There are 2 protein chains.
Amino acid sequence: MINIALVNTKPLSRGDQTREALLAAALDAFGRSGFDAASTRAIAEAAGVNQALIGYHFGGKQGLYLGVFEHIVYRMQGRMAPVAEEVLRRLDAAPEDPVQRRDLALGLMLDMFDAYTDLISEASSAGWVRLVLREQQDPTEAFALLYDNIFSRLLALLGRLVALAVGLDAASETCRIRTLMILGQLLIFFIARGTTARYLEWGPPGPDTIAAIKQQFRLVLASQFSQGVAAS
Amino acid sequence: MINIALVNTKPLSRGDQTREALLAAALDAFGRSGFDAASTRAIAEAAGVNQALIGYHFGGKQGLYLGVFEHIVYRMQGRMAPVAEEVLRRLDAAPEDPVQRRDLALGLMLDMFDAYTDLISEASSAGWVRLVLREQQDPTEAFALLYDNIFSRLLALLGRLVALAVGLDAASETCRIRTLMILGQLLIFFIARGTTARYLEWGPPGPDTIAAIKQQFRLVLASQFSQGVAAS
DNA sequence: CAGAATTATTCAATTGACTAAATTAATCGA
DNA sequence: TCGATTAATTTAGTCAATTGAATAATTCTG
């Protein structure tokens with residue numbers, strides 16, 4: 001947890017290997033079929049592992065499900081933490097000049113965007129996007145895990161940037177709505193995959209598509225911020 | 001299709017009643033659990049109908065699934081068609097002055113927004129949002145039904161408005177990306193329900209939340225359009 | 001009285017969980 | 001370094017419950 005490099009160097013034990021394999025297979029299966037429809041037999045087979053090992057390692061299907069989310073949270077946290085730290089540092093040293101503040105906010109937003117792109121470009125992204133979307137519609141215990149550790153922190157950070165850029169109180173509902181809107185501009189491309197595939201004739205998100213999105217994102221934000229949209 | 005009032009007046013036959021009941025129950029069940037996890041027994045029970053009637057009326061589970069989407073398409077189409085017609089009419093009579101064109105485009109976008117709000121405010125919205133999200137991730141035959149009849153037309157219309165507002169070619173990729181971004185600003189509130197519930201402390205979308213979204217939407221679009229964001 | 005609609009029942013297949021037995025890895029004394 | 005003891009891990013097989021679909025008999029409708 002503290003030193004990832006060390007953890008990675010030590011070879012995985014036999015048990016850890018099957019745990020990893022089960023988590024990967026479960027991520028895909030739960031995302032694709034949902035909790036009920038995903039069968040433990042299929043997951044075990046996809047992981048190249050005996051079915052009974054699910055019960056042994058995770059206590060059962062439900063435990064495996066939660067394990068998948070803990071795994072997601074752990075990985076996202078690892079990716080996010082250093083970026084968040086850096087953003088906060090630069091945020092504390094924000095200039096007074098409104099124009100400079102907007103430029104800073106815009107720049108930091110693009111930095112945050114970059115921090116997530118490779119996570120999204122990964123082949124496994126489709127898997128947890130499906131999972132997260134499911135939990136968004138019908139939140140369970142797993143959603144609380146996601147929200148408390150990932151979403152709430154991400155939104156708090158992004159909200160501060162939005163507040164800085166448009167001169168709003170970061171705690172206000174207006175600022176929060178605005179923050180979600182900005183997030184929505186990006187997420188739509190990874191949520192509405194079927195539509196992007198046909199409307200934009202795009203495949204799964206790759207470096208070129210992400211670059212195209214970022215470019216428009218930057219333009220839209222620049223114009224949105226440049227005139228300091230009125231509060232309400 | 002042509003005269004909804006007439007269709008509604010004629011009382012439903014016994015078979016039509018069970019079909020309707022099955023479709024409503026199936027919409028909820030498929031949306032909530034996904035195709036595989038939703039059981040025909042549970043659907044039939046929720047519809048207050050014998051399980052064997054699914055096979056009788058829809059040929060089987062798969063037929064019922066497609067029937068649900070045909071039903072959604074039919075209802076959305078009925079809601080959308082008159083609005084689209086009106087938008088197209090006013091689009092053909094667009095003024096020459098760039099500023100007026102932007103105002104027109106913005107106004108029409110807000111009109112389109114209004115046309116969909118009551119559809120989204122309905123209690124059943126959560127059901128088909130879940131269904132549509134699922135098909136977006138893993139498109140099946142049902143997605144083609146949705147896209148060809150609903151999404152493609154909606155995007156084409158909205159794309160023309162965006163083109164008008166920012167002075168882009170409606171067929172360009174840039175314009176399409178921009179169009180999806182604008183759509184994403186709104187959809188995020190209905191897609192990320194778990195997050196809006198906690199971040200904004202909102203319940204399911206009601207008149208007040210929709211009003212709040214619309215207000216910010218108008219402000220953002222106004223600032224986005226007012227300076228004619230550069231093409232690329 | 002036809003034909004549409006509905007019912008109760010049965011079918012093989014698959015589900016998640018559990019258990020006892022078998023196998024592997026780790027530890028320890030010499 | 002070696003072999004043996006112990007704990008961790010994996011396996012195959014079983015269980016009751018549930019699945020979608022099909023059937024034949026029955027009821028309702030026009």
# chains A, B, ... in the order shown; residues from 1 in each chain; ligands from 1

$ select_by_dssp --residues "chain A" --states "alpha helix (DSSP H)" --output "PyMOL selection string"
chain A and resi 4-9+14-37+40-46+52-58+61-92+98-121+125-137+141-146+152-166+173-191+193-199+207-226

$ residues_around --residues "range 211-228 of chain A" --least-positions-apart "4" --cutoff "9 Å" --atoms "only C-alpha atoms (C1' of nucleotides)" --output "ChimeraX atom specification"
/A:99,102-103,106-107,110,113-114,162,165-167,182,185-186,189,206-207 /B:174,177-178,181,220-230,232

$ closest_residue --among "B:Leu12, B:Ala26, B:Leu146, B:Ala52" --to "chain C" --atoms "only C-alpha atoms (C1' of nucleotides)"
B:Ala52

$ residues_around --residues "DG16 in chain C" --least-positions-apart "5" --cutoff "12 Å" --atoms "only C-alpha atoms (C1' of nucleotides)" --output "PyMOL selection string"
(chain A and resi 36-42+51-52+54-55+59-62) or (chain D and resi 15-18)

$ write_last_selection --atoms "N, CA, C and O atoms (P, O5', C5', C4', C3', O3' and C1' of nucleotides)" --output "mmCIF file, in the first residue's frame"
data_model
loop_
_atom_site.group_PDB
_atom_site.id
_atom_site.type_symbol
_atom_site.label_atom_id
_atom_site.label_comp_id
_atom_site.auth_asym_id
_atom_site.auth_seq_id
_atom_site.Cartn_x
_atom_site.Cartn_y
_atom_site.Cartn_z
ATOM 1 N N ASP A 36 -26.361 -11.004 -10.665
ATOM 2 C CA ASP A 36 -27.145 -12.237 -10.661
ATOM 3 C C ASP A 36 -26.823 -13.139 -11.844
ATOM 4 O O ASP A 36 -26.697 -14.350 -11.697
ATOM 5 N N ALA A 37 -26.710 -12.527 -13.013
ATOM 6 C CA ALA A 37 -26.559 -13.332 -14.220
ATOM 7 C C ALA A 37 -25.158 -13.924 -14.361
ATOM 8 O O ALA A 37 -24.979 -14.935 -15.025
ATOM 9 N N ALA A 38 -24.180 -13.292 -13.761
ATOM 10 C CA ALA A 38 -22.826 -13.833 -13.848
ATOM 11 C C ALA A 38 -22.735 -15.087 -12.979
ATOM 12 O O ALA A 38 -23.053 -15.054 -11.798
ATOM 13 N N SER A 39 -22.304 -16.180 -13.551
ATOM 14 C CA SER A 39 -22.233 -17.424 -12.798
ATOM 15 C C SER A 39 -20.822 -17.659 -12.279
ATOM 16 O O SER A 39 -19.840 -17.373 -12.960
ATOM 17 N N THR A 40 -20.764 -18.159 -11.060
ATOM 18 C CA THR A 40 -19.452 -18.404 -10.471
ATOM 19 C C THR A 40 -18.696 -19.461 -11.269
ATOM 20 O O THR A 40 -17.474 -19.430 -11.342
ATOM 21 N N ARG A 41 -19.429 -20.367 -11.858
ATOM 22 C CA ARG A 41 -18.759 -21.383 -12.689
ATOM 23 C C ARG A 41 -18.051 -20.734 -13.871
ATOM 24 O O ARG A 41 -16.891 -21.030 -14.152
ATOM 25 N N ALA A 42 -18.748 -19.836 -14.557
ATOM 26 C CA ALA A 42 -18.157 -19.184 -15.726
ATOM 27 C C ALA A 42 -16.952 -18.342 -15.310
ATOM 28 O O ALA A 42 -15.930 -18.313 -15.996
ATOM 29 N N GLN A 51 -14.008 -23.775 -9.311
ATOM 30 C CA GLN A 51 -15.109 -22.950 -8.815
ATOM 31 C C GLN A 51 -15.097 -22.795 -7.294
ATOM 32 O O GLN A 51 -15.433 -21.733 -6.775
ATOM 33 N N ALA A 52 -14.727 -23.844 -6.619
ATOM 34 C CA ALA A 52 -14.787 -23.807 -5.158
ATOM 35 C C ALA A 52 -13.829 -22.771 -4.570
ATOM 36 O O ALA A 52 -13.986 -22.346 -3.420
ATOM 37 N N ILE A 54 -13.632 -19.765 -5.238
ATOM 38 C CA ILE A 54 -14.330 -18.500 -4.977
ATOM 39 C C ILE A 54 -14.797 -18.482 -3.530
ATOM 40 O O ILE A 54 -14.604 -17.497 -2.809
ATOM 41 N N GLY A 55 -15.385 -19.567 -3.129
ATOM 42 C CA GLY A 55 -15.818 -19.654 -1.743
ATOM 43 C C GLY A 55 -14.635 -19.612 -0.789
ATOM 44 O O GLY A 55 -14.688 -18.970 0.256
ATOM 45 N N GLY A 59 -15.199 -16.094 0.205
ATOM 46 C CA GLY A 59 -16.345 -16.389 1.038
ATOM 47 C C GLY A 59 -17.610 -16.674 0.258
ATOM 48 O O GLY A 59 -18.575 -17.189 0.814
ATOM 49 N N GLY A 60 -17.609 -16.349 -1.030
ATOM 50 C CA GLY A 60 -18.802 -16.568 -1.836
ATOM 51 C C GLY A 60 -18.897 -15.548 -2.951
ATOM 52 O O GLY A 60 -17.999 -14.726 -3.147
ATOM 53 N N LYS A 61 -19.993 -15.595 -3.638
ATOM 54 C CA LYS A 61 -20.180 -14.716 -4.792
ATOM 55 C C LYS A 61 -20.184 -13.247 -4.366
ATOM 56 O O LYS A 61 -19.521 -12.403 -4.981
ATOM 57 N N GLN A 62 -20.926 -12.961 -3.318
ATOM 58 C CA GLN A 62 -21.025 -11.581 -2.842
ATOM 59 C C GLN A 62 -19.648 -11.030 -2.440
ATOM 60 O O GLN A 62 -19.310 -9.891 -2.761
ATOM 61 P P DC D 15 -26.364 -36.185 -3.331
ATOM 62 O "O5'" DC D 15 -26.984 -34.749 -3.002
ATOM 63 C "C5'" DC D 15 -26.634 -34.087 -1.777
ATOM 64 C "C4'" DC D 15 -27.216 -32.691 -1.782
ATOM 65 C "C3'" DC D 15 -28.587 -32.589 -2.423
ATOM 66 O "O3'" DC D 15 -29.575 -32.641 -1.407
ATOM 67 C "C1'" DC D 15 -27.142 -30.795 -3.122
ATOM 68 P P DA D 16 -31.108 -32.913 -1.828
ATOM 69 O "O5'" DA D 16 -31.768 -31.462 -1.830
ATOM 70 C "C5'" DA D 16 -31.540 -30.570 -0.729
ATOM 71 C "C4'" DA D 16 -31.738 -29.134 -1.182
ATOM 72 C "C3'" DA D 16 -33.140 -28.813 -1.699
ATOM 73 O "O3'" DA D 16 -33.522 -27.515 -1.252
ATOM 74 C "C1'" DA D 16 -31.568 -28.369 -3.395
ATOM 75 P P DA D 17 -34.964 -26.917 -1.545
ATOM 76 O "O5'" DA D 17 -34.672 -25.794 -2.656
ATOM 77 C "C5'" DA D 17 -33.635 -24.855 -2.408
ATOM 78 C "C4'" DA D 17 -33.447 -23.983 -3.635
ATOM 79 C "C3'" DA D 17 -34.753 -23.543 -4.313
ATOM 80 O "O3'" DA D 17 -34.724 -22.138 -4.513
ATOM 81 C "C1'" DA D 17 -33.300 -24.534 -5.905
ATOM 82 P P DT D 18 -35.997 -21.354 -5.090
ATOM 83 O "O5'" DT D 18 -35.601 -21.027 -6.595
ATOM 84 C "C5'" DT D 18 -34.327 -20.452 -6.868
ATOM 85 C "C4'" DT D 18 -34.027 -20.523 -8.339
ATOM 86 C "C3'" DT D 18 -35.185 -20.072 -9.242
ATOM 87 O "O3'" DT D 18 -34.793 -18.935 -9.993
ATOM 88 C "C1'" DT D 18 -34.181 -22.075 -10.029
#

$ closest_atom_pairs --of "chain C" --to "chain A" --cutoff "9 Å" --atoms "only C-alpha atoms (C1' of nucleotides)" --output "CSV"
residue,atom,partner,partner_atom,distance
C:DT15,C1',A:Ser39,CA,7.3
C:DG16,C1',A:Thr40,CA,7.3
C:DA17,C1',A:Gly60,CA,7.9
C:DC18,C1',A:Ala52,CA,8.9
C:DA25,C1',A:Arg14,CA,8.7
